[in-house]
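Chemist: Here you go, one structure.
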Amino acid sequence: MSVSDSQKTKRIIRRPERAQDFIVLTVGSAGLLALLIASGALGIVEGIMAAIVLIAGALAYYVGSVPPAPRIETIGEPSGAESDVGTSIQALVHALPFPACYISPEGRVQFANQQASSLFRINKIEGALKSVIIRQPDVLSATERVAQTGAGERIEFQTGEGDELWLAHLTQGPEAGSVFIVMEDRTAVHRAERARADFLANASHELRTPLTALAGFIETMLGPARNDRDSWDGFLEIMHQQTDRMRHLVADLLSLSRIEFSEHRAPDTVIDFSEVLSRTILSLQPIANDANVRLELSGMDRPIPITAKWDEIAQVVQNLVSNAIKYSPADGEVRVEIGMAPSMSEASRLATRHRHEATRSTLLQPRASSEVPAAWMRVEDKGQGIARQHLSRLGERFYRVDESRGGEIEGTGLGLAIVKHIMARHRGGLAVASREGDGASFGVWLPVAEESEDQDDD
Ligand code: ADP
């Protein structure tokens, strides 16, 4: 037997053993990773990174090229082993659901998936120098460190106009000096964290203001004004207003959290929008009388079936109509109109018609198709209106235009946020049209109940 023949035989004998080792190694590692991910000890992204490295290592072993580490050449004819490893890495990078790339020891982006091209906003990434593609200095220097030391790193970076936050996971690849980068979009998580922190700060601030006032009056009544009973009536009046303010705030916060909790569950009962409106308006009539504001109603003469939660739709009516009364001048008029339209887009137009030319802002885009028949409501007042720059921010929690007007009208800044959440749950929309000095029209619209549901209810 010649030397080459004996080598060939050796190769043939070793292959099944290596195949067995490869399968045991891969299945064992996959099992271990699954256990770690299931127990929460490892995140999904870290798990995927570890899986890539383990599979690439196992493949490299399988094709008989460890040690030494395989070289993956892009220029010239690759050997069978090298092209096997290269093909596997390429397949892995392209199969990942996140932006991912593989940096060769020469510092080029050897493989990159479509998501990475979109993230870096460059069509052809593969083959380019990493410094041309990765324009975040922190990530670039981390690739150098990982290539040299082999120790994995995680680096946060911003893209877009600074409004997107990403986390780059860098791990050494199977070749010495190569680096895998997988990028995780943290924008939504980051925004949610910031919104939660803002919300807590705002809620505590709003509660602290009336509490400080109450504490101040109690101290005065126990101290300097202890024997001046005549001044107590005035103090008690203000204390009563402040406790009322806290009560409203706590009630609004509770409504908001209750609605948020059930936002992902669509309502399933068919109710009559006209009936909800006429009953809720009845309960608002005394407030309108106190403020000397006339309520003009129209469109309630026929049933409008909607798949909705009664209490929540009543709250939408209450919040919008009580705002219109609150922001109307004495002797003012609030018009409330409801109706049905052949499509959501037509309903959206009708819901924000305004007496005169006005600026319109959609505060919530409906999730329902724009083609389905829809119910709509418009609440129009003749108050001082809202300046154009504030319109798109209405519906943000605690956003109040009045703060800039000197805060002469009491409010929590949560009423419209509640309306927005309720309409989102009902797959509906919310919009406003207004011109400063010329009143405001707030409109909501949502799909009408399907006929089958309508009949079920009868
Ligand atoms: P608030 O409890 O402060 O009324 P909302 O969330 O209901 O909270 O409203 C947010 C802000 O939008 C209000 O502070 C007010 O500045 C403005 N706003 C709401 N409705 C009207 C309206 N009909 N006319 C003028 N401004 C309004």
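Here's how to read the names in the structure tokens: chain A, B, ... by the order shown, residue numbers from 1 in each chain, ligand numbers from 1 in the order shown.
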Please, which residues have at least one atom within 6 Å of an atom of ligand 1, using only C-alpha atoms and all ligand atoms, listed as JSON, numbers by chain?
Modeler: {"A": [323, 324, 327, 385, 386, 394, 395, 399, 400, 401, 402, 411, 412, 413, 414, 415, 416, 417, 440]}
Chemist: Output the selection as a short mmCIF file (atom, residue, chain, number, x, y, z; two decimals), in the first residue's frame - C-alpha atoms for each residue.
Modeler:
```cif
data_model
loop_
_atom_site.label_atom_id
_atom_site.label_comp_id
_atom_site.auth_asym_id
_atom_site.auth_seq_id
_atom_site.Cartn_x
_atom_site.Cartn_y
_atom_site.Cartn_z
CA ASN A 323 -63.24 68.55 28.58
CA ALA A 324 -65.36 70.45 26.04
CA TYR A 327 -62.69 74.55 28.18
CA GLY A 385 -58.97 76.10 21.00
CA ILE A 386 -55.48 74.64 21.00
CA LEU A 394 -52.36 65.58 23.16
CA GLY A 395 -52.97 62.08 24.50
CA TYR A 399 -49.46 66.55 28.81
CA ARG A 400 -51.37 69.76 29.52
CA VAL A 401 -51.62 72.80 27.34
CA ASP A 402 -52.88 74.76 30.32
CA GLY A 411 -56.97 68.82 35.26
CA THR A 412 -54.82 65.74 35.56
CA GLY A 413 -53.56 65.53 31.98
CA LEU A 414 -54.67 61.88 31.87
CA GLY A 415 -58.17 62.18 30.35
CA LEU A 416 -57.07 62.02 26.70
CA ALA A 417 -54.46 59.30 27.44
CA ALA A 440 -61.68 72.37 19.22
#
```
Chemist: Could you pull the residues within 10 Å of A:Ala203, counting only C-alpha atoms, minus those fewer than 4 positions along the same chain, as a PDB file with C-alpha atoms, in the first residue's frame?
Modeler:
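File out_21.pdb, as written:
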```pdb
ATOM      1  CA  ALA A 197     -39.590  56.294  34.643  1.00  0.00           C
ATOM      2  CA  ASP A 198     -41.240  59.502  33.286  1.00  0.00           C
ATOM      3  CA  PHE A 199     -44.646  58.223  34.285  1.00  0.00           C
ATOM      4  CA  LEU A 207     -49.544  63.785  43.958  1.00  0.00           C
ATOM      5  CA  ARG A 208     -46.896  65.698  45.879  1.00  0.00           C
ATOM      6  CA  LEU A 249     -55.721  61.788  39.965  1.00  0.00           C
ATOM      7  CA  VAL A 250     -55.833  58.423  41.745  1.00  0.00           C
ATOM      8  CA  LEU A 253     -54.340  56.450  37.346  1.00  0.00           C
ATOM      9  CA  ARG A 397     -49.823  61.125  29.714  1.00  0.00           C
ATOM     10  CA  PHE A 398     -49.762  64.281  31.853  1.00  0.00           C
ATOM     11  CA  THR A 412     -54.821  65.736  35.562  1.00  0.00           C
TER      12      THR A 412
END
```
Chemist: Rounded to one decimal in Å, what is the spacing between atom CA of A:Lys420 and atom CA of A:Leu446?
Modeler: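 For atom CA of A:Lys420 relative to atom CA of A:Leu446, the distance reads 12.1 Å.
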Chemist: Counting only C-alpha atoms, what is within 12 Å of A:Gln158, bar same-chain residues fewer than 4 positions away, as a list in words?
Modeler: Leu119, Phe120, Ile134, Arg135, Gln136, Pro137, Asp138, Val139, Gly162, Asp163, Glu164, Leu165, Trp166, Leu167, Ala168, Met183, Glu184, Asp185, Arg186, Thr187 and His190 of chain A
Chemist: With a distance cut-off of 12 Å and only C-alpha atoms, select the neighbouring residues of A:Val336, excluding the residue or stretch itself and same-chain residues fewer than 2 positions from it, and output the selection as a PyMOL selection string.
Modeler: chain A and resi 274+277-278+280-281+294-300+317-318+320-322+324-325+333-334+338-339+351-353+376-381+441-444
Chemist: Could you pull the residues within 6 Å of stretch 287-293 of chain A, counting only C-alpha atoms, minus those fewer than 3 positions along the same chain, as a ChimeraX atom specification?
Modeler: /A:284,330-333
Chemist: Based on the selection just made, write C-alpha atoms of those residues as a PDB file, in the first residue's frame.
Modeler:
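And here's part-v4.pdb as it stands now:
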```pdb
ATOM      1  CA  LEU A 284     -73.040  65.170  32.459  1.00  0.00           C
ATOM      2  CA  ALA A 330     -69.634  80.554  30.223  1.00  0.00           C
ATOM      3  CA  ASP A 331     -72.735  80.711  28.045  1.00  0.00           C
ATOM      4  CA  GLY A 332     -70.899  78.518  25.552  1.00  0.00           C
ATOM      5  CA  GLU A 333     -72.173  75.612  23.486  1.00  0.00           C
TER       6      GLU A 333
END
```
Chemist: From the DSSP assignment of the backbone, select every residue of stretch 209-450 of chain A that is strand (DSSP E), and format the answer as an MDAnalysis selection string.
Modeler: chainID A and resid 270:272 294:298 305:307 333:341 359:364 374:381 429:434 440:447
Chemist: Using N, CA and C atoms, can you write the selected residues to a file as a compact mmCIF listing (two decimals), in the first residue's frame?
Modeler:
```txt
# COMPACT_ATOMS: atom_id res chain seq x y z
N VAL A 270 -71.90 43.21 21.90
CA VAL A 270 -72.43 44.25 21.00
C VAL A 270 -73.31 45.20 21.81
N ILE A 271 -73.00 46.48 21.73
CA ILE A 271 -73.79 47.48 22.46
C ILE A 271 -74.22 48.57 21.48
N ASP A 272 -75.16 49.40 21.94
CA ASP A 272 -75.65 50.47 21.07
C ASP A 272 -74.96 51.79 21.45
N ARG A 294 -74.44 75.01 27.08
CA ARG A 294 -75.53 74.27 26.44
C ARG A 294 -75.00 73.04 25.73
N LEU A 295 -75.68 71.89 25.90
CA LEU A 295 -75.25 70.68 25.17
C LEU A 295 -76.20 70.44 24.01
N GLU A 296 -75.68 70.42 22.79
CA GLU A 296 -76.50 70.16 21.59
C GLU A 296 -76.17 68.76 21.09
N LEU A 297 -77.21 67.88 21.00
CA LEU A 297 -76.93 66.50 20.60
C LEU A 297 -77.57 66.20 19.25
N SER A 298 -76.89 65.39 18.44
CA SER A 298 -77.57 64.92 17.21
C SER A 298 -77.04 63.56 16.78
N PRO A 305 -74.82 49.80 16.28
CA PRO A 305 -74.22 48.68 17.02
C PRO A 305 -72.69 48.67 16.91
N ILE A 306 -72.05 48.55 18.06
CA ILE A 306 -70.58 48.44 18.05
C ILE A 306 -70.19 47.30 18.99
N THR A 307 -69.07 46.63 18.66
CA THR A 307 -68.57 45.59 19.56
C THR A 307 -67.65 46.29 20.54
N GLU A 333 -71.37 76.71 24.03
CA GLU A 333 -72.17 75.61 23.49
C GLU A 333 -71.25 74.47 23.07
N VAL A 334 -71.68 73.24 23.43
CA VAL A 334 -70.91 72.07 23.02
C VAL A 334 -71.80 71.19 22.15
N ARG A 335 -71.34 70.88 20.96
CA ARG A 335 -72.13 70.03 20.05
C ARG A 335 -71.56 68.61 20.07
N VAL A 336 -72.45 67.63 20.31
CA VAL A 336 -72.00 66.24 20.28
C VAL A 336 -72.79 65.55 19.17
N GLU A 337 -72.09 64.98 18.20
CA GLU A 337 -72.78 64.35 17.08
C GLU A 337 -72.22 62.95 16.87
N ILE A 338 -73.11 61.97 16.61
CA ILE A 338 -72.61 60.64 16.26
C ILE A 338 -73.26 60.19 14.96
N GLY A 339 -72.66 59.17 14.34
CA GLY A 339 -73.22 58.68 13.09
C GLY A 339 -72.51 57.43 12.62
N MET A 340 -72.97 56.93 11.46
CA MET A 340 -72.34 55.75 10.86
C MET A 340 -71.80 56.17 9.50
N ALA A 341 -70.68 55.57 9.11
CA ALA A 341 -70.07 55.89 7.81
C ALA A 341 -69.74 54.58 7.09
N THR A 359 -56.41 73.03 11.97
CA THR A 359 -55.33 72.05 11.83
C THR A 359 -55.81 70.74 12.44
N ARG A 360 -55.53 69.65 11.73
CA ARG A 360 -56.01 68.35 12.20
C ARG A 360 -54.82 67.49 12.57
N SER A 361 -54.97 66.74 13.66
CA SER A 361 -53.88 65.83 14.05
C SER A 361 -54.47 64.49 14.47
N THR A 362 -53.96 63.40 13.88
CA THR A 362 -54.44 62.08 14.28
C THR A 362 -53.63 61.63 15.49
N LEU A 363 -54.30 61.42 16.61
CA LEU A 363 -53.58 61.05 17.83
C LEU A 363 -53.46 59.54 17.97
N LEU A 364 -54.35 58.82 17.26
CA LEU A 364 -54.27 57.35 17.28
C LEU A 364 -54.75 56.83 15.93
N ALA A 374 -68.05 52.09 9.78
CA ALA A 374 -67.61 52.58 11.08
C ALA A 374 -68.63 53.49 11.75
N ALA A 375 -68.53 53.55 13.09
CA ALA A 375 -69.32 54.49 13.88
C ALA A 375 -68.38 55.62 14.27
N TRP A 376 -68.92 56.83 14.39
CA TRP A 376 -68.05 57.95 14.77
C TRP A 376 -68.76 58.89 15.73
N MET A 377 -67.95 59.66 16.47
CA MET A 377 -68.51 60.69 17.36
C MET A 377 -67.61 61.93 17.28
N ARG A 378 -68.26 63.07 17.23
CA ARG A 378 -67.48 64.33 17.24
C ARG A 378 -67.98 65.20 18.39
N VAL A 379 -67.05 65.75 19.16
CA VAL A 379 -67.40 66.66 20.26
C VAL A 379 -66.74 67.99 19.95
N GLU A 380 -67.59 68.99 19.71
CA GLU A 380 -67.06 70.28 19.24
C GLU A 380 -67.42 71.38 20.23
N ASP A 381 -66.41 72.20 20.58
CA ASP A 381 -66.72 73.30 21.48
C ASP A 381 -66.33 74.63 20.85
N GLY A 429 -59.90 54.92 16.22
CA GLY A 429 -58.97 56.04 16.06
C GLY A 429 -59.38 57.22 16.91
N LEU A 430 -58.46 58.17 17.07
CA LEU A 430 -58.72 59.40 17.82
C LEU A 430 -58.01 60.54 17.10
N ALA A 431 -58.73 61.64 16.89
CA ALA A 431 -58.09 62.78 16.21
C ALA A 431 -58.66 64.08 16.77
N VAL A 432 -57.95 65.17 16.50
CA VAL A 432 -58.40 66.48 16.97
C VAL A 432 -58.23 67.47 15.82
N ALA A 433 -59.17 68.42 15.76
CA ALA A 433 -59.01 69.52 14.80
C ALA A 433 -59.26 70.80 15.59
N SER A 434 -58.37 71.76 15.44
CA SER A 434 -58.57 72.98 16.21
C SER A 434 -57.84 74.16 15.56
N ALA A 440 -62.34 73.63 19.59
CA ALA A 440 -61.68 72.37 19.22
C ALA A 440 -62.73 71.32 18.93
N SER A 441 -62.39 70.39 18.01
CA SER A 441 -63.28 69.25 17.74
C SER A 441 -62.47 67.98 17.98
N PHE A 442 -62.91 67.16 18.94
CA PHE A 442 -62.26 65.88 19.17
C PHE A 442 -63.15 64.80 18.58
N GLY A 443 -62.56 63.86 17.84
CA GLY A 443 -63.36 62.81 17.21
C GLY A 443 -62.81 61.42 17.47
N VAL A 444 -63.73 60.46 17.64
CA VAL A 444 -63.32 59.06 17.74
C VAL A 444 -64.12 58.26 16.72
N TRP A 445 -63.59 57.17 16.24
CA TRP A 445 -64.31 56.30 15.31
C TRP A 445 -63.83 54.88 15.49
N LEU A 446 -64.73 53.92 15.25
CA LEU A 446 -64.40 52.50 15.44
C LEU A 446 -65.31 51.66 14.55
N PRO A 447 -64.94 50.41 14.26
CA PRO A 447 -65.77 49.60 13.35
C PRO A 447 -67.16 49.35 13.95
```
